[in-house]
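Trainee: Data: model.cif, mmCIF, N, CA and C atoms.
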data_input
loop_
_atom_site.group_PDB
_atom_site.id
_atom_site.type_symbol
_atom_site.label_atom_id
_atom_site.label_comp_id
_atom_site.auth_asym_id
_atom_site.auth_seq_id
_atom_site.Cartn_x
_atom_site.Cartn_y
_atom_site.Cartn_z
ATOM 1 N N MET A 1 -1.841 -22.403 9.956
ATOM 2 C CA MET A 1 -1.677 -21.743 8.674
ATOM 3 C C MET A 1 -0.657 -22.545 7.875
ATOM 4 N N ASP A 2 -1.021 -22.908 6.665
ATOM 5 C CA ASP A 2 -0.078 -23.665 5.854
ATOM 6 C C ASP A 2 1.050 -22.750 5.369
ATOM 7 N N GLY A 3 2.096 -23.378 4.912
ATOM 8 C CA GLY A 3 3.289 -22.632 4.506
ATOM 9 C C GLY A 3 3.026 -21.637 3.389
ATOM 10 N N GLN A 4 2.188 -22.008 2.424
ATOM 11 C CA GLN A 4 1.880 -21.116 1.302
ATOM 12 C C GLN A 4 1.154 -19.865 1.788
ATOM 13 N N ARG A 5 0.156 -20.052 2.638
ATOM 14 C CA ARG A 5 -0.582 -18.889 3.167
ATOM 15 C C ARG A 5 0.327 -17.994 3.993
ATOM 16 N N GLN A 6 1.192 -18.610 4.785
ATOM 17 C CA GLN A 6 2.100 -17.818 5.605
ATOM 18 C C GLN A 6 3.014 -16.980 4.717
ATOM 19 N N ARG A 7 3.522 -17.562 3.630
ATOM 20 C CA ARG A 7 4.366 -16.798 2.708
ATOM 21 C C ARG A 7 3.584 -15.656 2.069
ATOM 22 N N GLU A 8 2.314 -15.908 1.738
ATOM 23 C CA GLU A 8 1.484 -14.865 1.149
ATOM 24 C C GLU A 8 1.228 -13.729 2.140
ATOM 25 N N VAL A 9 1.019 -14.068 3.412
ATOM 26 C CA VAL A 9 0.844 -13.040 4.443
ATOM 27 C C VAL A 9 2.111 -12.212 4.570
ATOM 28 N N VAL A 10 3.253 -12.882 4.595
ATOM 29 C CA VAL A 10 4.533 -12.188 4.714
ATOM 30 C C VAL A 10 4.739 -11.264 3.508
ATOM 31 N N SER A 11 4.418 -11.748 2.318
ATOM 32 C CA SER A 11 4.553 -10.918 1.110
ATOM 33 C C SER A 11 3.616 -9.715 1.160
ATOM 34 N N ALA A 12 2.373 -9.938 1.591
ATOM 35 C CA ALA A 12 1.417 -8.835 1.693
ATOM 36 C C ALA A 12 1.886 -7.799 2.706
ATOM 37 N N LEU A 13 2.439 -8.256 3.817
ATOM 38 C CA LEU A 13 2.953 -7.342 4.831
ATOM 39 C C LEU A 13 4.109 -6.524 4.269
ATOM 40 N N GLU A 14 5.027 -7.180 3.582
ATOM 41 C CA GLU A 14 6.162 -6.455 3.007
ATOM 42 C C GLU A 14 5.688 -5.413 1.993
ATOM 43 N N ARG A 15 4.763 -5.794 1.121
ATOM 44 C CA ARG A 15 4.240 -4.835 0.127
ATOM 45 C C ARG A 15 3.556 -3.652 0.818
ATOM 46 N N ALA A 16 2.783 -3.932 1.862
ATOM 47 C CA ALA A 16 2.084 -2.866 2.573
ATOM 48 C C ALA A 16 3.059 -1.914 3.252
ATOM 49 N N LEU A 17 4.093 -2.458 3.862
ATOM 50 C CA LEU A 17 5.081 -1.597 4.519
ATOM 51 C C LEU A 17 5.842 -0.747 3.510
ATOM 52 N N ARG A 18 6.243 -1.357 2.390
ATOM 53 C CA ARG A 18 6.937 -0.585 1.351
ATOM 54 C C ARG A 18 6.024 0.514 0.796
ATOM 55 N N ALA A 19 4.746 0.195 0.632
ATOM 56 C CA ALA A 19 3.787 1.190 0.145
ATOM 57 C C ALA A 19 3.628 2.330 1.150
ATOM 58 N N ALA A 20 3.613 2.003 2.429
ATOM 59 C CA ALA A 20 3.476 3.035 3.463
ATOM 60 C C ALA A 20 4.667 3.981 3.442
ATOM 61 N N VAL A 21 5.852 3.449 3.238
ATOM 62 C CA VAL A 21 7.061 4.281 3.212
ATOM 63 C C VAL A 21 6.957 5.347 2.124
ATOM 64 N N VAL A 22 6.370 4.993 0.982
ATOM 65 C CA VAL A 22 6.255 5.957 -0.120
ATOM 66 C C VAL A 22 4.894 6.658 -0.144
ATOM 67 N N GLY A 23 4.061 6.374 0.858
ATOM 68 C CA GLY A 23 2.789 7.066 0.975
ATOM 69 C C GLY A 23 1.689 6.563 0.057
ATOM 70 N N ASN A 24 1.798 5.338 -0.434
ATOM 71 C CA ASN A 24 0.773 4.774 -1.315
ATOM 72 C C ASN A 24 -0.311 4.106 -0.461
ATOM 73 N N VAL A 25 -1.289 4.901 -0.092
ATOM 74 C CA VAL A 25 -2.327 4.464 0.843
ATOM 75 C C VAL A 25 -3.139 3.298 0.280
ATOM 76 N N GLU A 26 -3.446 3.335 -0.997
ATOM 77 C CA GLU A 26 -4.247 2.272 -1.607
ATOM 78 C C GLU A 26 -3.561 0.917 -1.463
ATOM 79 N N LEU A 27 -2.252 0.862 -1.701
ATOM 80 C CA LEU A 27 -1.534 -0.407 -1.563
ATOM 81 C C LEU A 27 -1.404 -0.836 -0.102
ATOM 82 N N VAL A 28 -1.330 0.118 0.814
ATOM 83 C CA VAL A 28 -1.315 -0.231 2.240
ATOM 84 C C VAL A 28 -2.628 -0.921 2.595
ATOM 85 N N ARG A 29 -3.734 -0.341 2.141
ATOM 86 C CA ARG A 29 -5.054 -0.922 2.428
ATOM 87 C C ARG A 29 -5.211 -2.302 1.777
ATOM 88 N N ARG A 30 -4.721 -2.451 0.550
ATOM 89 C CA ARG A 30 -4.790 -3.760 -0.117
ATOM 90 C C ARG A 30 -4.016 -4.811 0.668
ATOM 91 N N GLY A 31 -2.827 -4.419 1.156
ATOM 92 C CA GLY A 31 -2.031 -5.346 1.967
ATOM 93 C C GLY A 31 -2.760 -5.741 3.236
ATOM 94 N N ALA A 32 -3.374 -4.758 3.904
ATOM 95 C CA ALA A 32 -4.130 -5.049 5.126
ATOM 96 C C ALA A 32 -5.279 -6.012 4.820
ATOM 97 N N ASP A 33 -5.986 -5.770 3.716
ATOM 98 C CA ASP A 33 -7.090 -6.652 3.334
ATOM 99 C C ASP A 33 -6.599 -8.067 3.030
ATOM 100 N N SER A 34 -5.460 -8.164 2.345
ATOM 101 C CA SER A 34 -4.898 -9.489 2.036
ATOM 102 C C SER A 34 -4.529 -10.234 3.300
ATOM 103 N N ILE A 35 -3.915 -9.534 4.236
ATOM 104 C CA ILE A 35 -3.524 -10.177 5.502
ATOM 105 C C ILE A 35 -4.770 -10.649 6.238
ATOM 106 N N ARG A 36 -5.797 -9.809 6.271
ATOM 107 C CA ARG A 36 -7.059 -10.183 6.926
ATOM 108 C C ARG A 36 -7.637 -11.458 6.298
ATOM 109 N N GLU A 37 -7.641 -11.512 4.980
ATOM 110 C CA GLU A 37 -8.221 -12.643 4.269
ATOM 111 C C GLU A 37 -7.408 -13.923 4.463
ATOM 112 N N LEU A 38 -6.092 -13.806 4.415
ATOM 113 C CA LEU A 38 -5.218 -14.974 4.477
ATOM 114 C C LEU A 38 -4.962 -15.466 5.893
ATOM 115 N N ASN A 39 -5.111 -14.598 6.844
ATOM 116 C CA ASN A 39 -4.691 -14.856 8.214
ATOM 117 C C ASN A 39 -5.814 -15.487 9.029
ATOM 118 N N GLN A 40 -6.253 -16.658 8.626
ATOM 119 C CA GLN A 40 -7.386 -17.292 9.280
ATOM 120 C C GLN A 40 -7.091 -17.746 10.703
ATOM 121 N N LEU A 41 -5.850 -17.968 11.018
ATOM 122 C CA LEU A 41 -5.511 -18.387 12.386
ATOM 123 C C LEU A 41 -5.221 -17.204 13.299
ATOM 124 N N ALA A 42 -5.326 -15.998 12.754
ATOM 125 C CA ALA A 42 -5.148 -14.768 13.526
ATOM 126 C C ALA A 42 -3.760 -14.660 14.169
ATOM 127 N N LEU A 43 -2.753 -15.194 13.481
ATOM 128 C CA LEU A 43 -1.399 -15.055 14.004
ATOM 129 C C LEU A 43 -0.935 -13.603 13.969
ATOM 130 N N TYR A 44 -1.496 -12.855 13.052
ATOM 131 C CA TYR A 44 -1.154 -11.431 12.903
ATOM 132 C C TYR A 44 -2.420 -10.604 13.086
ATOM 133 N N ALA A 45 -3.162 -10.877 14.131
ATOM 134 C CA ALA A 45 -4.504 -10.330 14.307
ATOM 135 C C ALA A 45 -4.561 -8.802 14.262
ATOM 136 N N GLU A 46 -3.620 -8.121 14.865
ATOM 137 C CA GLU A 46 -3.692 -6.664 14.940
ATOM 138 C C GLU A 46 -3.042 -5.956 13.756
ATOM 139 N N LEU A 47 -2.290 -6.675 12.945
ATOM 140 C CA LEU A 47 -1.577 -6.025 11.844
ATOM 141 C C LEU A 47 -2.489 -5.343 10.837
ATOM 142 N N PRO A 48 -3.553 -6.002 10.349
ATOM 143 C CA PRO A 48 -4.387 -5.325 9.349
ATOM 144 C C PRO A 48 -4.989 -4.010 9.860
ATOM 145 N N ASP A 49 -5.510 -4.022 11.077
ATOM 146 C CA ASP A 49 -6.106 -2.805 11.624
ATOM 147 C C ASP A 49 -5.054 -1.715 11.818
ATOM 148 N N THR A 50 -3.868 -2.103 12.211
ATOM 149 C CA THR A 50 -2.807 -1.122 12.407
ATOM 150 C C THR A 50 -2.342 -0.557 11.068
ATOM 151 N N LEU A 51 -2.254 -1.405 10.048
ATOM 152 C CA LEU A 51 -1.931 -0.912 8.709
ATOM 153 C C LEU A 51 -3.017 0.033 8.204
ATOM 154 N N ASP A 52 -4.284 -0.304 8.458
ATOM 155 C CA ASP A 52 -5.373 0.598 8.074
ATOM 156 C C ASP A 52 -5.255 1.935 8.806
ATOM 157 N N LEU A 53 -4.854 1.895 10.063
ATOM 158 C CA LEU A 53 -4.669 3.135 10.817
ATOM 159 C C LEU A 53 -3.551 3.977 10.210
ATOM 160 N N VAL A 54 -2.456 3.335 9.817
ATOM 161 C CA VAL A 54 -1.377 4.062 9.135
ATOM 162 C C VAL A 54 -1.945 4.722 7.877
ATOM 163 N N ALA A 55 -2.698 3.964 7.085
ATOM 164 C CA ALA A 55 -3.273 4.506 5.852
ATOM 165 C C ALA A 55 -4.222 5.668 6.147
ATOM 166 N N ASP A 56 -5.055 5.517 7.165
ATOM 167 C CA ASP A 56 -5.984 6.595 7.541
ATOM 168 C C ASP A 56 -5.228 7.864 7.909
ATOM 169 N N ARG A 57 -4.199 7.710 8.710
ATOM 170 C CA ARG A 57 -3.438 8.878 9.164
ATOM 171 C C ARG A 57 -2.662 9.506 8.004
ATOM 172 N N LEU A 58 -2.136 8.675 7.083
ATOM 173 C CA LEU A 58 -1.457 9.228 5.912
ATOM 174 C C LEU A 58 -2.440 9.984 5.031
ATOM 175 N N THR A 59 -3.636 9.436 4.853
ATOM 176 C CA THR A 59 -4.665 10.105 4.054
ATOM 177 C C THR A 59 -5.022 11.453 4.660
ATOM 178 N N ALA A 60 -5.097 11.510 5.974
ATOM 179 C CA ALA A 60 -5.438 12.749 6.676
ATOM 180 C C ALA A 60 -4.242 13.695 6.794
ATOM 181 N N LYS A 61 -3.106 13.282 6.238
ATOM 182 C CA LYS A 61 -1.861 14.052 6.335
ATOM 183 C C LYS A 61 -1.482 14.326 7.790
ATOM 184 N N ASP A 62 -1.771 13.335 8.629
ATOM 185 C CA ASP A 62 -1.465 13.390 10.058
ATOM 186 C C ASP A 62 -0.231 12.532 10.309
ATOM 187 N N ASN A 63 0.939 13.118 10.064
ATOM 188 C CA ASN A 63 2.174 12.351 10.209
ATOM 189 C C ASN A 63 2.430 11.920 11.643
ATOM 190 N N THR A 64 1.989 12.721 12.597
ATOM 191 C CA THR A 64 2.169 12.336 13.994
ATOM 192 C C THR A 64 1.362 11.080 14.298
ATOM 193 N N GLY A 65 0.098 11.049 13.858
ATOM 194 C CA GLY A 65 -0.729 9.864 14.057
ATOM 195 C C GLY A 65 -0.195 8.656 13.306
ATOM 196 N N ALA A 66 0.317 8.895 12.091
ATOM 197 C CA ALA A 66 0.904 7.799 11.310
ATOM 198 C C ALA A 66 2.138 7.252 12.016
ATOM 199 N N LYS A 67 2.901 8.140 12.626
ATOM 200 C CA LYS A 67 4.101 7.690 13.341
ATOM 201 C C LYS A 67 3.720 6.858 14.565
ATOM 202 N N VAL A 68 2.679 7.270 15.275
ATOM 203 C CA VAL A 68 2.202 6.490 16.425
ATOM 204 C C VAL A 68 1.767 5.100 15.964
ATOM 205 N N ALA A 69 1.032 5.031 14.846
ATOM 206 C CA ALA A 69 0.603 3.737 14.306
ATOM 207 C C ALA A 69 1.806 2.910 13.864
ATOM 208 N N ALA A 70 2.799 3.559 13.258
ATOM 209 C CA ALA A 70 4.004 2.837 12.828
ATOM 210 C C ALA A 70 4.770 2.295 14.035
ATOM 211 N N LEU A 71 4.790 3.043 15.113
ATOM 212 C CA LEU A 71 5.439 2.553 16.337
ATOM 213 C C LEU A 71 4.699 1.325 16.882
ATOM 214 N N LYS A 72 3.371 1.312 16.732
ATOM 215 C CA LYS A 72 2.616 0.129 17.135
ATOM 216 C C LYS A 72 2.982 -1.062 16.251
ATOM 217 N N LEU A 73 3.145 -0.817 14.935
ATOM 218 C CA LEU A 73 3.608 -1.881 14.039
ATOM 219 C C LEU A 73 4.943 -2.433 14.521
ATOM 220 N N HIS A 74 5.825 -1.533 14.893
ATOM 221 C CA HIS A 74 7.148 -1.921 15.385
ATOM 222 C C HIS A 74 7.003 -2.865 16.572
ATOM 223 N N ASP A 75 6.125 -2.514 17.502
ATOM 224 C CA ASP A 75 5.901 -3.358 18.685
ATOM 225 C C ASP A 75 5.268 -4.696 18.310
ATOM 226 N N LEU A 76 4.295 -4.658 17.394
ATOM 227 C CA LEU A 76 3.616 -5.893 16.996
ATOM 228 C C LEU A 76 4.563 -6.876 16.323
ATOM 229 N N LEU A 77 5.477 -6.358 15.533
ATOM 230 C CA LEU A 77 6.394 -7.232 14.806
ATOM 231 C C LEU A 77 7.507 -7.747 15.712
ATOM 232 N N GLY A 78 7.815 -7.018 16.767
ATOM 233 C CA GLY A 78 8.712 -7.478 17.813
ATOM 234 C C GLY A 78 10.056 -8.028 17.377
ATOM 235 N N GLY A 79 10.558 -7.609 16.295
ATOM 236 C CA GLY A 79 11.832 -8.111 15.789
ATOM 237 C C GLY A 79 11.616 -8.744 14.434
ATOM 238 N N GLY A 80 12.671 -9.148 13.824
ATOM 239 C CA GLY A 80 12.530 -9.826 12.548
ATOM 240 C C GLY A 80 12.847 -8.960 11.354
ATOM 241 N N PRO A 81 12.608 -9.507 10.185
ATOM 242 C CA PRO A 81 13.080 -8.883 8.953
ATOM 243 C C PRO A 81 12.336 -7.618 8.543
ATOM 244 N N PHE A 82 11.177 -7.347 9.115
ATOM 245 C CA PHE A 82 10.408 -6.179 8.689
ATOM 246 C C PHE A 82 10.725 -4.913 9.472
ATOM 247 N N LEU A 83 11.455 -5.033 10.562
ATOM 248 C CA LEU A 83 11.737 -3.847 11.365
ATOM 249 C C LEU A 83 12.477 -2.763 10.593
ATOM 250 N N PRO A 84 13.423 -3.098 9.702
ATOM 251 C CA PRO A 84 14.048 -2.015 8.930
ATOM 252 C C PRO A 84 13.039 -1.234 8.080
ATOM 253 N N LEU A 85 12.046 -1.915 7.519
ATOM 254 C CA LEU A 85 11.007 -1.207 6.752
ATOM 255 C C LEU A 85 10.161 -0.324 7.669
ATOM 256 N N VAL A 86 9.809 -0.832 8.826
ATOM 257 C CA VAL A 86 9.039 -0.027 9.773
ATOM 258 C C VAL A 86 9.872 1.165 10.227
ATOM 259 N N ASP A 87 11.155 0.947 10.491
ATOM 260 C CA ASP A 87 12.026 2.058 10.874
ATOM 261 C C ASP A 87 12.125 3.095 9.757
ATOM 262 N N GLU A 88 12.165 2.623 8.510
ATOM 263 C CA GLU A 88 12.197 3.541 7.370
ATOM 264 C C GLU A 88 10.895 4.346 7.294
ATOM 265 N N LEU A 89 9.776 3.682 7.545
ATOM 266 C CA LEU A 89 8.492 4.372 7.574
ATOM 267 C C LEU A 89 8.494 5.446 8.655
ATOM 268 N N ILE A 90 8.924 5.094 9.840
ATOM 269 C CA ILE A 90 8.950 6.046 10.953
ATOM 270 C C ILE A 90 9.831 7.239 10.598
ATOM 271 N N ALA A 91 10.984 6.971 10.019
ATOM 272 C CA ALA A 91 11.902 8.056 9.650
ATOM 273 C C ALA A 91 11.320 8.945 8.556
ATOM 274 N N SER A 92 10.474 8.380 7.700
ATOM 275 C CA SER A 92 9.915 9.160 6.591
ATOM 276 C C SER A 92 8.818 10.115 7.034
ATOM 277 N N LEU A 93 8.338 9.943 8.239
ATOM 278 C CA LEU A 93 7.227 10.755 8.717
ATOM 279 C C LEU A 93 7.745 11.979 9.461
ATOM 280 N N SER A 94 7.907 13.048 8.725
ATOM 281 C CA SER A 94 8.356 14.283 9.353
ATOM 282 C C SER A 94 7.205 14.851 10.165
ATOM 283 N N PRO A 95 7.499 15.762 11.069
ATOM 284 C CA PRO A 95 6.407 16.362 11.854
ATOM 285 C C PRO A 95 5.372 17.002 10.916
ATOM 286 N N ASP A 96 4.151 17.083 11.421
ATOM 287 C CA ASP A 96 3.076 17.673 10.623
ATOM 288 C C ASP A 96 3.478 19.071 10.150
ATOM 289 N N GLN A 97 3.139 19.332 8.908
ATOM 290 C CA GLN A 97 3.383 20.647 8.349
ATOM 291 C C GLN A 97 2.157 21.518 8.613
ATOM 292 N N VAL A 98 2.406 22.737 9.019
ATOM 293 C CA VAL A 98 1.296 23.673 9.195
ATOM 294 C C VAL A 98 1.021 24.271 7.826
ATOM 295 N N GLU A 99 -0.189 24.102 7.364
ATOM 296 C CA GLU A 99 -0.530 24.597 6.046
ATOM 297 C C GLU A 99 -0.851 26.072 6.123
ATOM 298 N N ALA A 100 -0.355 26.805 5.147
ATOM 299 C CA ALA A 100 -0.642 28.235 5.078
ATOM 300 C C ALA A 100 -2.102 28.432 4.686
ATOM 301 N N PRO A 101 -2.753 29.427 5.242
ATOM 302 C CA PRO A 101 -4.149 29.673 4.868
ATOM 303 C C PRO A 101 -4.249 30.070 3.402
ATOM 304 N N GLU A 102 -5.362 29.665 2.782
ATOM 305 C CA GLU A 102 -5.564 30.035 1.379
ATOM 306 C C GLU A 102 -5.902 31.512 1.298
ATOM 307 N N VAL A 103 -5.377 32.147 0.257
ATOM 308 C CA VAL A 103 -5.680 33.584 0.041
ATOM 309 C C VAL A 103 -6.411 33.784 -1.248
#
Since I need it in another form, could you write the structure as structure tokens?
Mentor:
Amino acid sequence: MDGQRQREVVSALERALRAAVVGNVELVRRGADSIRELNQLALYAELPDTLDLVADRLTAKDNTGAKVAALKLHDLLGGGPFLPLVDELIASLSPDQVEAPEV
């Protein structure tokens, strides 16, 4: 992967993580798609699918599932500058709220 593509992947990952923290599912999916497109050497092979899983769980309002996916992101990144964003995402996911029945 050339240096420019690697920087673009890193930027897409950062944007996707920041979007996940604020619950912007569309931007999370865009970031995952960008990483998939740019990551021809598969250095970050599992990241796009894991970001999509975070987006799916956020869309379903399944904070527990989103937290499990975020923990997988934490493991995949294994250190480095993005862990604080992943930690922020994990902290932002409160336990699932039980919705009151409609009356």
Trainee: From a DSSP pass on the backbone, collect the residues of chain A flagged as helix (DSSP H, G or I) and hand them back as a PyMOL selection string.
Mentor: chain A and resi 3-21+25-38+47-59+63-77+83-92
Trainee: For region 10-70 of chain A against region 79-94 of chain A, with a cut-off of 8 Å and counting only N, CA and C atoms, what is the closest atom pair and its distance in Å to one decimal for every residue that makes the cut, ordered by chain and number, as CSV?
Mentor:
residue,atom,partner,partner_atom,distance
A:Leu13,C,A:Phe82,CA,7.7
A:Glu14,CA,A:Phe82,CA,7.1
A:Leu17,C,A:Leu85,C,6.0
A:Arg18,N,A:Leu85,CA,6.5
A:Ala20,C,A:Leu89,CA,5.6
A:Val21,CA,A:Leu89,CA,4.6
A:Val22,N,A:Leu89,CA,7.0
A:Asp62,C,A:Ser94,C,7.8
A:Asn63,CA,A:Leu93,CA,5.5
A:Thr64,N,A:Ser94,C,6.1
A:Ala66,C,A:Ile90,CA,7.0
A:Lys67,CA,A:Ile90,CA,5.6
A:Val68,N,A:Ile90,CA,7.7
A:Ala70,CA,A:Ile90,N,6.2
Trainee: Show me, as a list in words, the residues that have an atom within 10 Å of Ala19 (chain A) when counting only C-alpha atoms, minus same-chain residues fewer than 3 positions from it.
Mentor: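 Contacts, with the query itself left out: Leu13, Glu14, Arg15, Ala16, Val22, Gly23, Asn24, Val25, Glu26, Leu27, Val28, Arg29, Arg30, Gly31, Ala55 and Leu89 of chain A.
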Trainee: Store the residues of this selection in a file with N, CA and C atoms, as a compact mmCIF listing (two decimals), keeping the file's coordinate frame.
Mentor:
# COMPACT_ATOMS: atom_id res chain seq x y z
N LEU A 13 2.44 -8.26 3.82
CA LEU A 13 2.95 -7.34 4.83
C LEU A 13 4.11 -6.52 4.27
N GLU A 14 5.03 -7.18 3.58
CA GLU A 14 6.16 -6.46 3.01
C GLU A 14 5.69 -5.41 1.99
N ARG A 15 4.76 -5.79 1.12
CA ARG A 15 4.24 -4.84 0.13
C ARG A 15 3.56 -3.65 0.82
N ALA A 16 2.78 -3.93 1.86
CA ALA A 16 2.08 -2.87 2.57
C ALA A 16 3.06 -1.91 3.25
N VAL A 22 6.37 4.99 0.98
CA VAL A 22 6.26 5.96 -0.12
C VAL A 22 4.89 6.66 -0.14
N GLY A 23 4.06 6.37 0.86
CA GLY A 23 2.79 7.07 0.98
C GLY A 23 1.69 6.56 0.06
N ASN A 24 1.80 5.34 -0.43
CA ASN A 24 0.77 4.77 -1.32
C ASN A 24 -0.31 4.11 -0.46
N VAL A 25 -1.29 4.90 -0.09
CA VAL A 25 -2.33 4.46 0.84
C VAL A 25 -3.14 3.30 0.28
N GLU A 26 -3.45 3.34 -1.00
CA GLU A 26 -4.25 2.27 -1.61
C GLU A 26 -3.56 0.92 -1.46
N LEU A 27 -2.25 0.86 -1.70
CA LEU A 27 -1.53 -0.41 -1.56
C LEU A 27 -1.40 -0.84 -0.10
N VAL A 28 -1.33 0.12 0.81
CA VAL A 28 -1.32 -0.23 2.24
C VAL A 28 -2.63 -0.92 2.60
N ARG A 29 -3.73 -0.34 2.14
CA ARG A 29 -5.05 -0.92 2.43
C ARG A 29 -5.21 -2.30 1.78
N ARG A 30 -4.72 -2.45 0.55
CA ARG A 30 -4.79 -3.76 -0.12
C ARG A 30 -4.02 -4.81 0.67
N GLY A 31 -2.83 -4.42 1.16
CA GLY A 31 -2.03 -5.35 1.97
C GLY A 31 -2.76 -5.74 3.24
N ALA A 55 -2.70 3.96 7.08
CA ALA A 55 -3.27 4.51 5.85
C ALA A 55 -4.22 5.67 6.15
N LEU A 89 9.78 3.68 7.54
CA LEU A 89 8.49 4.37 7.57
C LEU A 89 8.49 5.45 8.65
Trainee: Mind pulling up the distance from CA of Ala69 (chain A) to CA of Val9 (chain A)?
Mentor: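 For CA of Val9 (chain A) relative to CA of Ala69 (chain A), the distance reads 19.5 Å.
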Trainee: Could you work out an axis-aligned box for region 43-62 of chain A, taking every atom the file lists and adding 6 Å on each side, and report centre and edge lengths in Å to one decimal, as AutoDock Vina command-line options?
Mentor:
--center_x -3.2 --center_y -0.4 --center_z 9.5 --size_x 17.9 --size_y 41.5 --size_z 22.9
Trainee: Using all atoms listed in the file, what residues lie at most 7 Å away from (-11.4, -3.1, 7.4) (file coordinates), given as a PyMOL selection string?
Mentor: chain A and resi 33+48-49
Trainee: Which value, in Å to one decimal, gives the distance between atom N of Glu8 (chain A) and atom C of Tyr44 (chain A)?
Mentor: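 Straight-line distance from atom N of Glu8 (chain A) to atom C of Tyr44 (chain A) works out to 13.4 Å.
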Trainee: In Å to one decimal, how far is atom N of Gly65 (chain A) from atom C of Leu38 (chain A)?
Mentor: 28.1 Å
Trainee: When you count only C-alpha atoms, which of these residues is closest to Gln6 (chain A): A:Asp52, A:Glu37, A:Glu46, A:Asp75?
Mentor: A:Glu37
Trainee: Of the candidates A:Leu77, A:Arg5, A:Ala32, A:Leu71, which one gets nearest to Leu51 (chain A) if we count all atoms listed in the file?
Mentor: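 Ranked by minimum distance to Leu51 (chain A), first place goes to A:Ala32.
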Trainee: Using all atoms listed in the file, find the one residue out of A:Thr50, A:Gly3, A:Ser34, A:Thr59 that sits nearest to Lys72 (chain A).
Mentor: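 Among the listed residues, the smallest separation from Lys72 (chain A) belongs to A:Thr50.
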